[in-house]
Amino acid sequence: MKTKRFNHNRHSASASEGMKTCFVTKEACSKTDMLRFVAAPDRTIVFDVAGKLPGRGLWLKANRDILALAISKKLFHKAAGKQVIIPVDLEDTVEIALKNRCLSLLGLCRKAGLLLFGYEAVKKAVGQGLAVSAFEAADASERGQNKIFKPNDTFPIYMVLSRQEMGQIAGMDEVVHIALLKGKLSDEVSDVARKIGLYQDRHERKG
């Protein structure tokens, strides 16, 4: 796995909006860096990927190891104040849900004209200072790195999706580079992409 250094200043979303306390670490964190769970009527713990499900939210730092600890130590029961049912695949479900939401939002960005893909189009947007965030495939070759994105780029570069996953957005077998232009949808994508990176511990590349 490649190591990505993280620079909070490059995240375009408003990470200071809303603070919640992680029921495992007891740390107060921005909601944009956390996962929200709720207990369904049948007491099953459900990941609220969009943050809109009814019920009292159980907030957890976006980190797979912390979620694993919450499950193994049965901390969801304490946080919910009752016995709850933990799906056996909850850790994988969270990552899949986050990726699906990210891909869905990227699709909306493309329809809104806020998304560019392909080497030449992305390189041009970066060169003109139009990119507010970008994606580089997590499984991109070492040779392909730094051909477009440079260490002094001032926008976040997320490496949380594969070439095939990014290709879904463009209707192609695979895509290595994506650039997003300024817009509310682009900010929403950044929020989710950041959360995936935190969850995977594979954050945006510094350059």
# chains A, B, ... in the order shown; residues from 1 in each chain; ligands from 1
call {"tool": "residues_around", "arguments": {"residues": "A:Cys102", "least_positions_apart": "3", "cutoff": "12 Å", "atoms": "only C-alpha atoms", "output": "mmCIF file with N, CA and C atoms, in the first residue's frame"}}
result
data_model
loop_
_atom_site.group_PDB
_atom_site.id
_atom_site.type_symbol
_atom_site.label_atom_id
_atom_site.label_comp_id
_atom_site.auth_asym_id
_atom_site.auth_seq_id
_atom_site.Cartn_x
_atom_site.Cartn_y
_atom_site.Cartn_z
ATOM 1 N N VAL A 49 -24.865 6.644 5.785
ATOM 2 C CA VAL A 49 -23.860 7.235 4.893
ATOM 3 C C VAL A 49 -24.194 8.670 4.520
ATOM 4 N N ALA A 50 -25.478 8.983 4.391
ATOM 5 C CA ALA A 50 -25.881 10.340 4.000
ATOM 6 C C ALA A 50 -26.137 11.232 5.208
ATOM 7 N N GLU A 95 -17.304 0.806 4.057
ATOM 8 C CA GLU A 95 -16.440 1.229 2.954
ATOM 9 C C GLU A 95 -17.173 1.182 1.620
ATOM 10 N N ILE A 96 -17.955 0.136 1.405
ATOM 11 C CA ILE A 96 -18.716 0.023 0.153
ATOM 12 C C ILE A 96 -19.714 1.168 0.022
ATOM 13 N N ALA A 97 -20.410 1.485 1.121
ATOM 14 C CA ALA A 97 -21.399 2.564 1.090
ATOM 15 C C ALA A 97 -20.741 3.908 0.809
ATOM 16 N N LEU A 98 -19.594 4.161 1.423
ATOM 17 C CA LEU A 98 -18.882 5.412 1.190
ATOM 18 C C LEU A 98 -18.430 5.526 -0.263
ATOM 19 N N LYS A 99 -17.887 4.433 -0.795
ATOM 20 C CA LYS A 99 -17.426 4.455 -2.188
ATOM 21 C C LYS A 99 -18.600 4.654 -3.145
ATOM 22 N N LEU A 105 -21.934 10.774 -6.443
ATOM 23 C CA LEU A 105 -21.727 12.222 -6.481
ATOM 24 C C LEU A 105 -20.810 12.623 -7.636
ATOM 25 N N LEU A 106 -19.804 11.807 -7.912
ATOM 26 C CA LEU A 106 -18.931 12.084 -9.057
ATOM 27 C C LEU A 106 -19.725 12.033 -10.355
ATOM 28 N N GLY A 107 -20.670 11.100 -10.437
ATOM 29 C CA GLY A 107 -21.527 11.029 -11.623
ATOM 30 C C GLY A 107 -22.361 12.284 -11.786
ATOM 31 N N LEU A 108 -22.872 12.804 -10.668
ATOM 32 C CA LEU A 108 -23.642 14.038 -10.719
ATOM 33 C C LEU A 108 -22.756 15.216 -11.120
ATOM 34 N N CYS A 109 -21.499 15.194 -10.649
ATOM 35 C CA CYS A 109 -20.560 16.250 -11.034
ATOM 36 C C CYS A 109 -20.312 16.230 -12.539
ATOM 37 N N PHE A 135 -8.706 13.396 -8.215
ATOM 38 C CA PHE A 135 -8.553 11.991 -7.865
ATOM 39 C C PHE A 135 -7.463 11.386 -8.731
ATOM 40 N N TYR A 158 -7.103 12.963 -3.993
ATOM 41 C CA TYR A 158 -7.554 11.767 -3.289
ATOM 42 C C TYR A 158 -7.151 10.499 -4.043
ATOM 43 N N VAL A 160 -8.284 7.137 -3.356
ATOM 44 C CA VAL A 160 -9.158 6.238 -2.595
ATOM 45 C C VAL A 160 -9.993 5.328 -3.482
ATOM 46 N N LEU A 161 -9.921 5.525 -4.796
ATOM 47 C CA LEU A 161 -10.683 4.713 -5.751
ATOM 48 C C LEU A 161 -9.728 4.054 -6.734
ATOM 49 N N GLU A 165 -12.955 1.648 -10.740
ATOM 50 C CA GLU A 165 -14.035 2.391 -10.079
ATOM 51 C C GLU A 165 -14.170 3.784 -10.683
ATOM 52 N N MET A 166 -13.059 4.432 -10.939
ATOM 53 C CA MET A 166 -13.104 5.755 -11.557
ATOM 54 C C MET A 166 -13.584 5.675 -13.001
ATOM 55 N N GLN A 168 -15.926 3.871 -14.083
ATOM 56 C CA GLN A 168 -17.389 3.806 -14.110
ATOM 57 C C GLN A 168 -18.005 5.179 -14.384
ATOM 58 N N ILE A 169 -17.363 6.216 -13.871
ATOM 59 C CA ILE A 169 -17.887 7.567 -14.030
ATOM 60 C C ILE A 169 -17.849 8.008 -15.488
ATOM 61 N N LEU A 185 -21.433 20.592 -5.492
ATOM 62 C CA LEU A 185 -21.312 19.137 -5.626
ATOM 63 C C LEU A 185 -19.869 18.688 -5.441
ATOM 64 N N SER A 186 -18.938 19.477 -5.938
ATOM 65 C CA SER A 186 -17.520 19.135 -5.787
ATOM 66 C C SER A 186 -17.120 19.123 -4.315
ATOM 67 N N ASP A 187 -17.682 20.060 -3.540
ATOM 68 C CA ASP A 187 -17.413 20.088 -2.102
ATOM 69 C C ASP A 187 -17.964 18.834 -1.421
ATOM 70 N N GLU A 188 -19.147 18.398 -1.864
ATOM 71 C CA GLU A 188 -19.740 17.187 -1.289
ATOM 72 C C GLU A 188 -18.885 15.968 -1.601
ATOM 73 N N VAL A 189 -18.361 15.914 -2.812
ATOM 74 C CA VAL A 189 -17.471 14.810 -3.186
ATOM 75 C C VAL A 189 -16.238 14.813 -2.300
ATOM 76 N N SER A 190 -15.675 15.994 -2.078
ATOM 77 C CA SER A 190 -14.471 16.104 -1.253
ATOM 78 C C SER A 190 -14.725 15.594 0.156
ATOM 79 N N ASP A 191 -15.897 15.921 0.707
ATOM 80 C CA ASP A 191 -16.240 15.447 2.049
ATOM 81 C C ASP A 191 -16.224 13.921 2.114
ATOM 82 N N VAL A 192 -16.854 13.291 1.130
ATOM 83 C CA VAL A 192 -16.945 11.828 1.139
ATOM 84 C C VAL A 192 -15.589 11.196 0.855
ATOM 85 N N ALA A 193 -14.860 11.753 -0.111
ATOM 86 C CA ALA A 193 -13.548 11.202 -0.461
ATOM 87 C C ALA A 193 -12.593 11.288 0.724
ATOM 88 N N ARG A 194 -12.648 12.415 1.428
ATOM 89 C CA ARG A 194 -11.822 12.574 2.622
ATOM 90 C C ARG A 194 -12.168 11.502 3.651
ATOM 91 N N LYS A 195 -13.469 11.258 3.816
ATOM 92 C CA LYS A 195 -13.914 10.278 4.801
ATOM 93 C C LYS A 195 -13.447 8.871 4.427
ATOM 94 N N ILE A 196 -13.481 8.555 3.134
ATOM 95 C CA ILE A 196 -12.972 7.253 2.686
ATOM 96 C C ILE A 196 -11.491 7.143 3.010
ATOM 97 N N GLY A 197 -10.751 8.210 2.744
ATOM 98 C CA GLY A 197 -9.323 8.208 3.018
ATOM 99 C C GLY A 197 -9.015 8.002 4.486
#
call {"tool": "residues_around", "arguments": {"residues": "A:Phe76", "least_positions_apart": "2", "cutoff": "12 Å", "atoms": "only C-alpha atoms", "output": "VMD selection string"}}
result
chain A and resid 22 to 24 36 to 39 43 to 46 57 to 60 66 to 74 78 to 87
call {"tool": "closest_atom_pairs", "arguments": {"of": "stretch 154-196 of chain A", "to": "stretch 125-129 of chain A", "cutoff": "10 Å", "atoms": "only C-alpha atoms", "output": "tab-separated table"}}
result
residue	atom	partner	partner_atom	distance
A:Thr154	CA	A:Gly129	CA	9.4
A:Phe155	CA	A:Val126	CA	9.6
A:Ala179	CA	A:Ala125	CA	7.3
A:Leu180	CA	A:Ala125	CA	8.8
A:Leu181	CA	A:Ala125	CA	8.3
call {"tool": "closest_residue", "arguments": {"among": "A:Lys61, A:Val176, A:Tyr199, A:Val94", "to": "A:Tyr119", "atoms": "only C-alpha atoms"}}
result
A:Val176
call {"tool": "residues_around", "arguments": {"residues": "A:Lys20", "least_positions_apart": "3", "cutoff": "8 Å", "atoms": "only C-alpha atoms", "output": "PyMOL selection string"}}
result
chain A and resi 28-31+59
call {"tool": "select_by_dssp", "arguments": {"residues": "stretch 10-199 of chain A", "states": "alpha helix (DSSP H)", "output": "ChimeraX atom specification"}}
result
/A:64-72,75-80,90-111,119-127,163-170,184-199
call {"tool": "atom_distance", "arguments": {"atom1": "atom CA of A:Thr21", "atom2": "atom CA of A:Ala62"}}
result
12.0 Å
call {"tool": "residues_around", "arguments": {"residues": "A:His177", "least_positions_apart": "2", "cutoff": "9 Å", "atoms": "only C-alpha atoms", "output": "number ranges by chain"}}
result
A: 116-119, 122, 134-137, 148, 163, 166, 175, 179
call {"tool": "write_last_selection", "arguments": {"atoms": "N, CA and C atoms", "output": "PDB file, in the first residue's frame"}}
result
ATOM      1  N   LEU A 116     -13.767  16.567 -14.940  1.00  0.00           N
ATOM      2  CA  LEU A 116     -12.950  16.326 -16.129  1.00  0.00           C
ATOM      3  C   LEU A 116     -12.140  15.059 -15.904  1.00  0.00           C
ATOM      4  N   PHE A 117     -11.933  14.284 -16.954  1.00  0.00           N
ATOM      5  CA  PHE A 117     -11.108  13.088 -16.842  1.00  0.00           C
ATOM      6  C   PHE A 117     -10.245  12.955 -18.090  1.00  0.00           C
ATOM      7  N   GLY A 118      -9.215  12.136 -17.964  1.00  0.00           N
ATOM      8  CA  GLY A 118      -8.279  11.990 -19.077  1.00  0.00           C
ATOM      9  C   GLY A 118      -7.075  12.895 -18.887  1.00  0.00           C
ATOM     10  N   TYR A 119      -5.944  12.435 -19.343  1.00  0.00           N
ATOM     11  CA  TYR A 119      -4.676  13.122 -19.086  1.00  0.00           C
ATOM     12  C   TYR A 119      -4.689  14.583 -19.541  1.00  0.00           C
ATOM     13  N   VAL A 122      -7.374  16.949 -17.690  1.00  0.00           N
ATOM     14  CA  VAL A 122      -7.028  17.197 -16.296  1.00  0.00           C
ATOM     15  C   VAL A 122      -5.781  18.068 -16.202  1.00  0.00           C
ATOM     16  N   ALA A 134      -8.953  16.726  -6.821  1.00  0.00           N
ATOM     17  CA  ALA A 134      -8.655  15.770  -7.876  1.00  0.00           C
ATOM     18  C   ALA A 134      -8.583  14.355  -7.313  1.00  0.00           C
ATOM     19  N   PHE A 135      -8.706  13.396  -8.215  1.00  0.00           N
ATOM     20  CA  PHE A 135      -8.553  11.991  -7.865  1.00  0.00           C
ATOM     21  C   PHE A 135      -7.463  11.386  -8.731  1.00  0.00           C
ATOM     22  N   GLU A 136      -6.626  10.586  -8.115  1.00  0.00           N
ATOM     23  CA  GLU A 136      -5.667   9.763  -8.846  1.00  0.00           C
ATOM     24  C   GLU A 136      -5.904   8.327  -8.394  1.00  0.00           C
ATOM     25  N   ALA A 137      -5.996   7.413  -9.331  1.00  0.00           N
ATOM     26  CA  ALA A 137      -6.316   6.028  -9.000  1.00  0.00           C
ATOM     27  C   ALA A 137      -5.354   5.481  -7.956  1.00  0.00           C
ATOM     28  N   ILE A 148       0.962  14.799 -13.651  1.00  0.00           N
ATOM     29  CA  ILE A 148       0.032  15.928 -13.662  1.00  0.00           C
ATOM     30  C   ILE A 148       0.096  16.685 -12.350  1.00  0.00           C
ATOM     31  N   ARG A 163      -8.681   2.358 -10.560  1.00  0.00           N
ATOM     32  CA  ARG A 163      -8.846   2.777 -11.956  1.00  0.00           C
ATOM     33  C   ARG A 163     -10.194   2.326 -12.502  1.00  0.00           C
ATOM     34  N   MET A 166     -13.059   4.432 -10.939  1.00  0.00           N
ATOM     35  CA  MET A 166     -13.104   5.755 -11.557  1.00  0.00           C
ATOM     36  C   MET A 166     -13.584   5.675 -13.001  1.00  0.00           C
ATOM     37  N   VAL A 175      -9.973   4.748 -15.556  1.00  0.00           N
ATOM     38  CA  VAL A 175      -9.550   6.143 -15.601  1.00  0.00           C
ATOM     39  C   VAL A 175      -8.539   6.342 -14.477  1.00  0.00           C
ATOM     40  N   ALA A 179     -10.316  15.516 -12.366  1.00  0.00           N
ATOM     41  CA  ALA A 179     -10.250  16.840 -11.753  1.00  0.00           C
ATOM     42  C   ALA A 179     -11.662  17.362 -11.559  1.00  0.00           C
TER      43      ALA A 179
END
call {"tool": "closest_residue", "arguments": {"among": "A:Val132, A:Asp65, A:Ala121, A:Pro151", "to": "A:Lys184", "atoms": "only C-alpha atoms"}}
result
A:Val132
call {"tool": "select_by_dssp", "arguments": {"residues": "stretch 25-105 of chain A", "states": "strand (DSSP E)", "output": "PyMOL selection string"}}
result
chain A and resi 28-30+34-39+45-47+58-61
call {"tool": "write_last_selection", "arguments": {"atoms": "C-alpha atoms", "output": "PDB file, in the first residue's frame"}}
result
ATOM      1  CA  ALA A  28     -14.546  15.738  19.740  1.00  0.00           C
ATOM      2  CA  CYS A  29     -14.206  15.826  15.950  1.00  0.00           C
ATOM      3  CA  SER A  30     -15.802  17.551  12.995  1.00  0.00           C
ATOM      4  CA  MET A  34     -16.849  10.950  11.426  1.00  0.00           C
ATOM      5  CA  LEU A  35     -19.231   8.113  10.691  1.00  0.00           C
ATOM      6  CA  ARG A  36     -22.839   8.190  11.890  1.00  0.00           C
ATOM      7  CA  PHE A  37     -24.652   5.028  12.887  1.00  0.00           C
ATOM      8  CA  VAL A  38     -28.219   4.555  14.098  1.00  0.00           C
ATOM      9  CA  ALA A  39     -30.080   1.663  15.660  1.00  0.00           C
ATOM     10  CA  ILE A  45     -26.906  -1.027  13.735  1.00  0.00           C
ATOM     11  CA  VAL A  46     -27.074   0.764  10.390  1.00  0.00           C
ATOM     12  CA  PHE A  47     -24.418   3.006   8.823  1.00  0.00           C
ATOM     13  CA  LEU A  58     -23.905   7.131  17.277  1.00  0.00           C
ATOM     14  CA  TRP A  59     -20.788   8.955  16.116  1.00  0.00           C
ATOM     15  CA  LEU A  60     -17.462   7.290  15.439  1.00  0.00           C
ATOM     16  CA  LYS A  61     -14.193   8.599  14.035  1.00  0.00           C
TER      17      LYS A  61
END
call {"tool": "closest_residue", "arguments": {"among": "A:Gly171, A:Gly55, A:Gly183, A:Pro41", "to": "A:Ser133", "atoms": "only C-alpha atoms"}}
result
A:Gly183
call {"tool": "closest_residue", "arguments": {"among": "A:Ile178, A:Thr93, A:Asp48, A:Met159", "to": "A:Leu114", "atoms": "only C-alpha atoms"}}
result
A:Ile178
call {"tool": "atom_distance", "arguments": {"atom1": "atom CA of A:Asp173", "atom2": "atom CA of A:Ala138"}}
result
15.3 Å
